[in-house]
file run_9.txt (compact mmCIF, C-alpha atoms)
# COMPACT_ATOMS: atom_id res chain seq x y z
CA MET A 875 -78.38 14.06 -11.76
CA THR A 876 -74.82 13.90 -13.04
CA GLY A 877 -74.49 12.68 -16.64
CA GLN A 878 -71.91 10.32 -18.05
CA PRO A 879 -68.41 11.79 -18.56
CA THR A 880 -67.32 12.77 -22.06
CA LEU A 881 -64.97 10.03 -23.24
CA PRO A 882 -62.76 9.97 -26.35
CA GLY A 883 -63.43 7.74 -29.33
CA ARG A 884 -66.42 5.93 -30.76
CA LEU A 885 -68.72 4.04 -28.41
CA LEU A 886 -68.35 0.30 -29.01
CA ALA A 887 -70.43 -1.25 -26.25
CA ALA A 888 -72.50 -0.35 -23.21
CA GLY A 889 -73.19 -2.85 -20.44
CA ARG A 890 -74.74 -2.79 -17.00
CA ALA A 891 -71.52 -1.70 -15.29
CA ALA A 892 -69.26 -0.25 -18.00
CA ILE A 893 -68.99 1.35 -21.43
CA VAL A 894 -66.25 0.76 -24.01
CA HIS A 895 -64.85 3.34 -26.45
CA ASP A 896 -62.54 2.82 -29.43
CA LEU A 897 -59.53 5.13 -29.02
CA GLY A 898 -58.62 4.71 -32.69
CA ASN A 899 -55.00 3.70 -32.11
CA GLY A 900 -55.40 -0.03 -31.64
CA THR A 901 -56.63 0.34 -28.08
CA VAL A 902 -59.99 0.64 -26.32
CA LEU A 903 -61.02 2.49 -23.18
CA ARG A 904 -63.27 0.65 -20.73
CA HIS A 905 -64.94 3.02 -18.28
CA ARG A 906 -66.84 1.70 -15.27
CA THR A 907 -70.18 3.43 -14.81
CA ASP A 908 -71.05 1.83 -11.46
CA GLY A 909 -68.72 4.03 -9.41
CA GLY A 910 -66.12 1.29 -8.94
CA THR A 911 -62.42 1.26 -9.68
CA SER A 912 -60.88 -0.89 -12.42
CA ARG A 913 -57.69 -1.67 -10.52
CA GLN A 914 -58.74 -5.01 -9.02
CA GLU A 915 -60.44 -6.03 -12.27
CA ALA A 916 -57.18 -5.37 -14.10
CA ALA A 917 -55.26 -7.38 -11.50
CA PHE A 918 -57.59 -10.36 -11.89
CA MET A 919 -57.25 -10.13 -15.66
CA GLN A 920 -53.45 -10.09 -15.51
CA TRP A 921 -53.44 -13.00 -13.06
CA ALA A 922 -55.60 -15.02 -15.44
CA ALA A 923 -53.31 -14.13 -18.36
CA SER A 924 -50.25 -15.28 -16.40
CA HIS A 925 -51.89 -18.71 -16.12
CA GLY A 926 -52.70 -19.03 -19.81
CA VAL A 927 -56.26 -17.71 -19.96
CA PRO A 928 -56.79 -15.60 -23.13
CA VAL A 929 -57.60 -12.01 -22.11
CA PRO A 930 -57.05 -8.57 -23.70
CA GLU A 931 -53.60 -7.06 -23.23
CA LEU A 932 -53.67 -4.40 -20.51
CA VAL A 933 -52.11 -1.02 -21.37
CA SER A 934 -52.98 1.11 -18.34
CA VAL A 935 -55.47 1.50 -15.50
CA ASP A 936 -56.51 4.68 -13.72
CA GLY A 937 -59.51 4.79 -11.38
CA PRO A 938 -62.62 3.70 -13.29
CA ASN A 939 -60.71 3.66 -16.62
CA MET A 940 -58.81 0.78 -18.16
CA VAL A 941 -57.06 0.95 -21.53
CA MET A 942 -56.53 -2.36 -23.35
CA ALA A 943 -55.35 -3.53 -26.73
CA ALA A 944 -58.31 -3.81 -29.09
CA VAL A 945 -59.46 -7.34 -29.93
CA ASP A 946 -60.91 -7.67 -33.43
CA GLY A 947 -63.86 -9.98 -33.90
CA LEU A 948 -67.49 -10.56 -33.01
CA THR A 949 -68.60 -11.76 -29.60
CA LEU A 950 -69.85 -15.34 -29.46
CA LEU A 951 -73.32 -13.91 -28.85
CA GLU A 952 -73.10 -11.96 -32.10
CA GLU A 953 -71.75 -15.02 -33.92
CA VAL A 954 -74.74 -17.12 -32.83
CA VAL A 955 -77.26 -14.41 -33.71
CA THR A 956 -75.74 -13.81 -37.16
CA GLY A 957 -75.26 -17.51 -37.89
CA ALA A 958 -71.45 -17.23 -38.02
CA ALA A 959 -71.20 -19.95 -35.35
CA SER A 960 -73.50 -22.73 -34.19
CA ALA A 961 -74.97 -22.86 -30.71
CA ARG A 962 -73.19 -26.18 -30.15
CA ASP A 963 -69.82 -24.71 -31.06
CA VAL A 964 -70.35 -21.76 -28.73
CA GLY A 965 -71.29 -24.08 -25.87
CA ARG A 966 -68.06 -26.02 -26.39
CA VAL A 967 -65.98 -22.83 -26.38
CA LEU A 968 -67.55 -21.78 -23.06
CA ALA A 969 -66.80 -25.22 -21.63
CA ASP A 970 -63.18 -24.97 -22.77
CA LEU A 971 -62.77 -21.59 -21.07
CA HIS A 972 -64.22 -22.99 -17.86
CA ARG A 973 -61.77 -25.90 -18.02
CA GLN A 974 -58.90 -23.43 -18.40
CA LEU A 975 -60.09 -21.52 -15.34
CA ASP A 976 -60.23 -24.79 -13.38
CA HIS A 977 -56.42 -24.75 -13.35
CA VAL A 978 -55.94 -21.14 -12.20
CA PRO A 979 -55.13 -20.88 -8.46
CA PRO A 980 -56.60 -18.05 -6.40
CA PRO A 981 -54.45 -14.91 -6.32
CA PRO A 982 -53.17 -14.42 -2.76
CA TRP A 983 -54.15 -10.75 -2.75
CA ALA A 984 -57.79 -11.30 -3.77
CA SER A 985 -60.23 -9.61 -1.40
CA ARG A 986 -63.41 -10.73 -3.18
CA ARG A 987 -63.84 -14.24 -1.82
CA ARG A 988 -66.89 -16.45 -1.66
CA PRO A 989 -67.06 -19.34 0.84
CA ASP A 990 -64.23 -21.58 -0.22
CA GLY A 991 -61.80 -24.17 0.97
CA ASP A 992 -59.02 -26.28 -0.51
CA THR A 993 -60.77 -26.29 -3.90
CA ALA A 994 -60.79 -22.48 -4.25
CA ARG A 995 -59.96 -21.27 -7.73
CA LEU A 996 -60.35 -18.17 -9.87
CA LEU A 997 -63.94 -17.29 -10.84
CA HIS A 998 -64.72 -15.05 -13.81
CA GLY A 999 -68.22 -14.37 -12.48
CA ASP A 1000 -69.81 -13.39 -15.78
CA LEU A 1001 -68.75 -15.95 -18.37
CA HIS A 1002 -71.32 -15.89 -21.16
CA PRO A 1003 -71.23 -15.52 -24.99
CA GLY A 1004 -71.41 -11.73 -24.83
CA ASN A 1005 -68.13 -11.65 -22.89
CA VAL A 1006 -66.11 -13.80 -25.28
CA ILE A 1007 -64.66 -12.31 -28.48
CA ALA A 1008 -63.95 -14.71 -31.34
CA SER A 1009 -60.62 -13.29 -32.55
CA ASP A 1010 -58.48 -14.74 -35.34
CA ALA A 1011 -56.15 -16.09 -32.65
CA GLY A 1012 -58.97 -17.77 -30.73
CA PRO A 1013 -61.54 -16.83 -28.08
CA VAL A 1014 -60.69 -13.93 -25.75
CA LEU A 1015 -62.43 -13.61 -22.38
CA ILE A 1016 -63.36 -10.02 -21.49
CA ASP A 1017 -65.15 -8.12 -18.68
CA TRP A 1018 -63.59 -9.25 -15.42
CA THR A 1019 -65.67 -6.87 -13.27
CA ASP A 1020 -67.18 -9.70 -11.19
CA ALA A 1021 -64.04 -11.83 -10.87
CA ALA A 1022 -63.62 -13.45 -7.45
CA VAL A 1023 -62.24 -16.49 -5.66
CA GLY A 1024 -64.37 -19.50 -4.77
CA ASP A 1025 -65.58 -22.91 -5.86
CA ARG A 1026 -65.43 -23.44 -9.61
CA SER A 1027 -68.88 -25.08 -9.59
CA GLU A 1028 -70.35 -21.65 -8.83
CA ASP A 1029 -68.74 -20.13 -11.90
CA VAL A 1030 -70.31 -22.85 -14.06
CA ALA A 1031 -73.65 -22.31 -12.33
CA GLU A 1032 -73.35 -18.57 -12.96
CA SER A 1033 -72.80 -19.17 -16.67
CA TRP A 1034 -75.72 -21.59 -16.87
CA LEU A 1035 -78.03 -19.13 -15.10
CA LEU A 1036 -76.96 -16.28 -17.38
CA LEU A 1037 -77.57 -18.44 -20.43
CA THR A 1038 -81.01 -19.64 -19.37
CA CYS A 1039 -82.48 -16.69 -17.45
CA PHE A 1040 -80.89 -13.45 -18.66
CA ASP A 1041 -81.98 -11.47 -21.70
CA PRO A 1042 -79.17 -9.78 -23.66
CA ALA A 1043 -81.77 -8.13 -25.92
CA ALA A 1044 -80.34 -10.08 -28.84
CA GLY A 1045 -83.71 -11.10 -30.22
CA HIS A 1046 -85.44 -14.28 -31.25
CA ALA A 1047 -82.34 -16.00 -32.67
CA TRP A 1048 -80.67 -16.01 -29.26
CA LEU A 1049 -83.78 -17.27 -27.48
CA LEU A 1050 -83.81 -20.25 -29.84
CA ALA A 1051 -80.10 -20.96 -29.31
CA ARG A 1052 -79.45 -20.36 -25.64
CA GLU A 1053 -80.73 -23.68 -24.28
CA VAL A 1054 -78.54 -25.53 -26.78
CA VAL A 1055 -75.53 -23.42 -25.75
CA ALA A 1056 -76.21 -24.11 -22.06
CA HIS A 1057 -76.69 -27.85 -22.61
CA GLU A 1058 -73.56 -28.18 -24.74
CA MET A 1059 -71.46 -26.25 -22.21
CA VAL A 1060 -72.54 -28.43 -19.29
CA ALA A 1061 -72.21 -31.64 -21.32
CA HIS A 1062 -68.52 -30.89 -21.98
CA LEU A 1063 -67.58 -30.15 -18.37
CA PRO A 1064 -66.32 -33.03 -16.19
CA GLY A 1065 -68.27 -31.86 -13.15
CA GLY A 1066 -71.44 -31.00 -15.01
CA LEU A 1067 -73.87 -28.66 -13.24
CA ASP A 1068 -74.15 -28.67 -9.44
CA PRO A 1069 -77.76 -27.98 -8.30
CA ASP A 1070 -76.65 -26.58 -4.93
CA SER A 1071 -74.35 -24.10 -6.65
CA VAL A 1072 -77.17 -23.08 -9.00
CA ALA A 1073 -79.41 -22.38 -6.01
CA ARG A 1074 -76.73 -20.29 -4.26
CA VAL A 1075 -75.98 -18.26 -7.38
CA ALA A 1076 -79.69 -17.77 -8.13
CA LYS A 1077 -80.36 -16.41 -4.64
CA ARG A 1078 -77.38 -14.08 -4.93
CA ARG A 1079 -78.53 -12.85 -8.35
CA LEU A 1080 -81.96 -11.99 -6.92
CA GLN A 1081 -80.20 -9.41 -4.72
CA ASP A 1082 -78.66 -7.69 -7.77
CA GLN A 1083 -80.37 -4.36 -8.46
CA HIS A 1084 -79.51 -4.61 -12.17
CA VAL A 1085 -81.63 -7.74 -12.67
CA THR A 1086 -84.76 -6.97 -14.70
CA ALA A 1087 -88.26 -8.09 -13.74
CA ALA A 1088 -88.32 -10.73 -16.48
CA GLU A 1089 -84.92 -12.08 -15.45
CA ARG A 1090 -86.00 -12.12 -11.81
CA ALA A 1091 -89.10 -14.15 -12.69
CA ALA A 1092 -86.98 -16.67 -14.61
CA ILE A 1093 -84.57 -17.04 -11.67
CA VAL A 1094 -87.47 -17.60 -9.28
CA GLN A 1095 -88.70 -20.41 -11.55
CA VAL A 1096 -85.24 -22.00 -11.41
CA LEU A 1097 -85.34 -21.91 -7.61
CA LYS A 1098 -88.84 -23.39 -7.55
CA SER A 1099 -87.82 -26.24 -9.83
CA ALA A 1100 -84.88 -26.95 -7.52
CA GLU A 1101 -87.08 -27.31 -4.41
CA PRO A 1102 -86.99 -30.82 -2.95
CA ARG A 1103 -90.08 -32.90 -3.60
CA GLY A 1104 -91.84 -34.89 -0.89
CA PRO A 1105 -93.31 -38.37 -1.16
CA GLY A 1106 -95.43 -38.77 -4.27
CA GLY A 1107 -93.80 -35.78 -5.95
CA SER A 1108 -95.41 -33.06 -3.78
CA ARG A 1109 -93.43 -29.98 -2.81

call {"tool": "encode", "arguments": {"input": "run_9.txt", "output": "C-alpha cells"}}
result
Amino acid sequence: MTGQPTLPGRLLAAGRAAIVHDLGNGTVLRHRTDGGTSRQEAAFMQWAASHGVPVPELVSVDGPNMVMAAVDGLTLLEEVVTGAASARDVGRVLADLHRQLDHVPPPPWASRRRPDGDTARLLHGDLHPGNVIASDAGPVLIDWTDAAVGDRSEDVAESWLLLTCFDPAAGHAWLLAREVVAHEMVAHLPGGLDPDSVARVAKRRLQDQHVTAAERAAIVQVLKSAEPRGPGGSR
C-alpha cells in the first residue's frame, strides 16, 4: 500500500479527505488525500470570495495541492470545547454564514450539481464548527471540498445533520454543546430546517464510505424519526 507523500512544514490538521501543513512563511499547504484534484475546490472558494463570503486567500493550486494564506485563530469547534465561545454564539455564526451563502448565485461552470431549479445557489456542503476559523477579522469558512450547486435548504440540512449525528472526536464538551449549536443555528435562519431536505441529505450521507458505524446509526435514527405516522401515531 502506498503511504502518504512527504510534505513540507508542520502538520496542522488531518481530516477525512485532506491534510494541512504549515509552510512557515504565512501560508499553508492543503493536500487532498482522497485522490481528487483541488482545482474545482479552489474555483468554488474564489467564487464565494467574489460574492463576499469570508474564505482563505488562495495563493496557488496544483493537482491535489492548494496553497493558501494562513488564517490565525481557533476553529469554532475548538472555541466551544475550550470555553472561548458559547454554543449559542457559535450557532449564530453558522446561521450568519448560511445567510451569506443564500445570496451567492451558482457559478455557471459548476459541474457538481444537485437537483435544482430557479432557487439554485452555492452550497458549501460541509459547514460545521470545525470548518470555521475565528480570526481577528471575523469568521473564515474553510474546506470547500464538497461545494456544489443546489437548493440552499440542503446546505442547512447538511449542517444540522453534521452537528447532531457526526462525531468530531472532540470529547464530552462538544457532545453537551452540539444540540444547542444546532438549535441556535436553525432558530436564526428565515427558512428554518426543511424535513424533506434532511431526509435527502441523510440518505446521501449513508452512502458515504467515510461515515463511521456510530454516525451511521445516528443518521438512521434521524430517518426513522422523520417517517410519516399513521392514524393514532403508528408508523

call {"tool": "residues_around", "arguments": {"input": "run_9.txt", "residues": "Ile893 of chain A", "least_positions_apart": "2", "cutoff": "8 Å", "atoms": "all atoms listed in the file", "output": "number ranges by chain"}}
result
A: 885-889, 891, 895, 904-907

call {"tool": "residues_around", "arguments": {"input": "run_9.txt", "residues": "Met919 of chain A", "least_positions_apart": "3", "cutoff": "7 Å", "atoms": "all atoms listed in the file", "output": "number ranges by chain"}}
result
A: 915-916, 922-923, 929, 1018

call {"tool": "closest_residue", "arguments": {"input": "run_9.txt", "among": "A:Ala1056, A:Ala1088, A:Ala1031, A:Ala1011", "to": "Pro1069 of chain A", "atoms": "only C-alpha atoms"}}
result
A:Ala1031

call {"tool": "closest_atom_pairs", "arguments": {"input": "run_9.txt", "of": "segment 1043-1067 of chain A", "to": "segment 967-971 of chain A", "cutoff": "10 Å", "atoms": "all atoms listed in the file", "output": "JSON lines"}}
result
{"residue": "A:Val1055", "atom": "CA", "partner": "A:Leu968", "partner_atom": "CA", "distance": 8.6}
{"residue": "A:Ala1056", "atom": "CA", "partner": "A:Leu968", "partner_atom": "CA", "distance": 9.0}
{"residue": "A:Glu1058", "atom": "CA", "partner": "A:Ala969", "partner_atom": "CA", "distance": 8.0}
{"residue": "A:Met1059", "atom": "CA", "partner": "A:Ala969", "partner_atom": "CA", "distance": 4.8}
{"residue": "A:Val1060", "atom": "CA", "partner": "A:Ala969", "partner_atom": "CA", "distance": 7.0}
{"residue": "A:Ala1061", "atom": "CA", "partner": "A:Ala969", "partner_atom": "CA", "distance": 8.4}
{"residue": "A:His1062", "atom": "CA", "partner": "A:Ala969", "partner_atom": "CA", "distance": 5.9}
{"residue": "A:Leu1063", "atom": "CA", "partner": "A:Ala969", "partner_atom": "CA", "distance": 6.0}
{"residue": "A:Pro1064", "atom": "CA", "partner": "A:Ala969", "partner_atom": "CA", "distance": 9.5}
{"residue": "A:Gly1066", "atom": "CA", "partner": "A:Ala969", "partner_atom": "CA", "distance": 9.9}

call {"tool": "closest_residue", "arguments": {"input": "run_9.txt", "among": "A:His977, A:Pro1003, A:Val894, A:Ala944", "to": "Ser924 of chain A", "atoms": "all atoms listed in the file"}}
result
A:His977

call {"tool": "atom_distance", "arguments": {"input": "run_9.txt", "atom1": "atom CA of Cys1039 of chain A", "atom2": "atom CA of Arg1090 of chain A"}}
result
8.1 Å

call {"tool": "axis_aligned_box", "arguments": {"input": "run_9.txt", "around": "segment 893-897 of chain A", "padding_each_side": "5 Å", "output": "lines of an AutoDock Vina configuration file"}}
result
center_x = -64.3
center_y = 2.9
center_z = -25.4
size_x = 19.5
size_y = 14.4
size_z = 18.0

call {"tool": "residues_around", "arguments": {"input": "run_9.txt", "residues": "segment 932-934 of chain A", "least_positions_apart": "3", "cutoff": "9 Å", "atoms": "all atoms listed in the file", "output": "list in words"}}
result
Thr901, Ala916, Met919, Gln920, Val929, Asn939, Met940, Val941, Met942 and Ala943 of chain A

call {"tool": "atom_distance", "arguments": {"input": "run_9.txt", "atom1": "atom CA of His1002 of chain A", "atom2": "atom CA of Gly947 of chain A"}}
result
15.9 Å

call {"tool": "residues_around", "arguments": {"input": "run_9.txt", "residues": "Gln974 of chain A", "least_positions_apart": "4", "cutoff": "8 Å", "atoms": "all atoms listed in the file", "output": "ChimeraX atom specification"}}
result
/A:926-927,970,978

call {"tool": "write_last_selection", "arguments": {"input": "run_9.txt", "atoms": "C-alpha atoms", "output": "compact mmCIF listing (two decimals), keeping the file's coordinate frame"}}
result
# COMPACT_ATOMS: atom_id res chain seq x y z
CA GLY A 926 -52.70 -19.03 -19.81
CA VAL A 927 -56.26 -17.71 -19.96
CA ASP A 970 -63.18 -24.97 -22.77
CA VAL A 978 -55.94 -21.14 -12.20
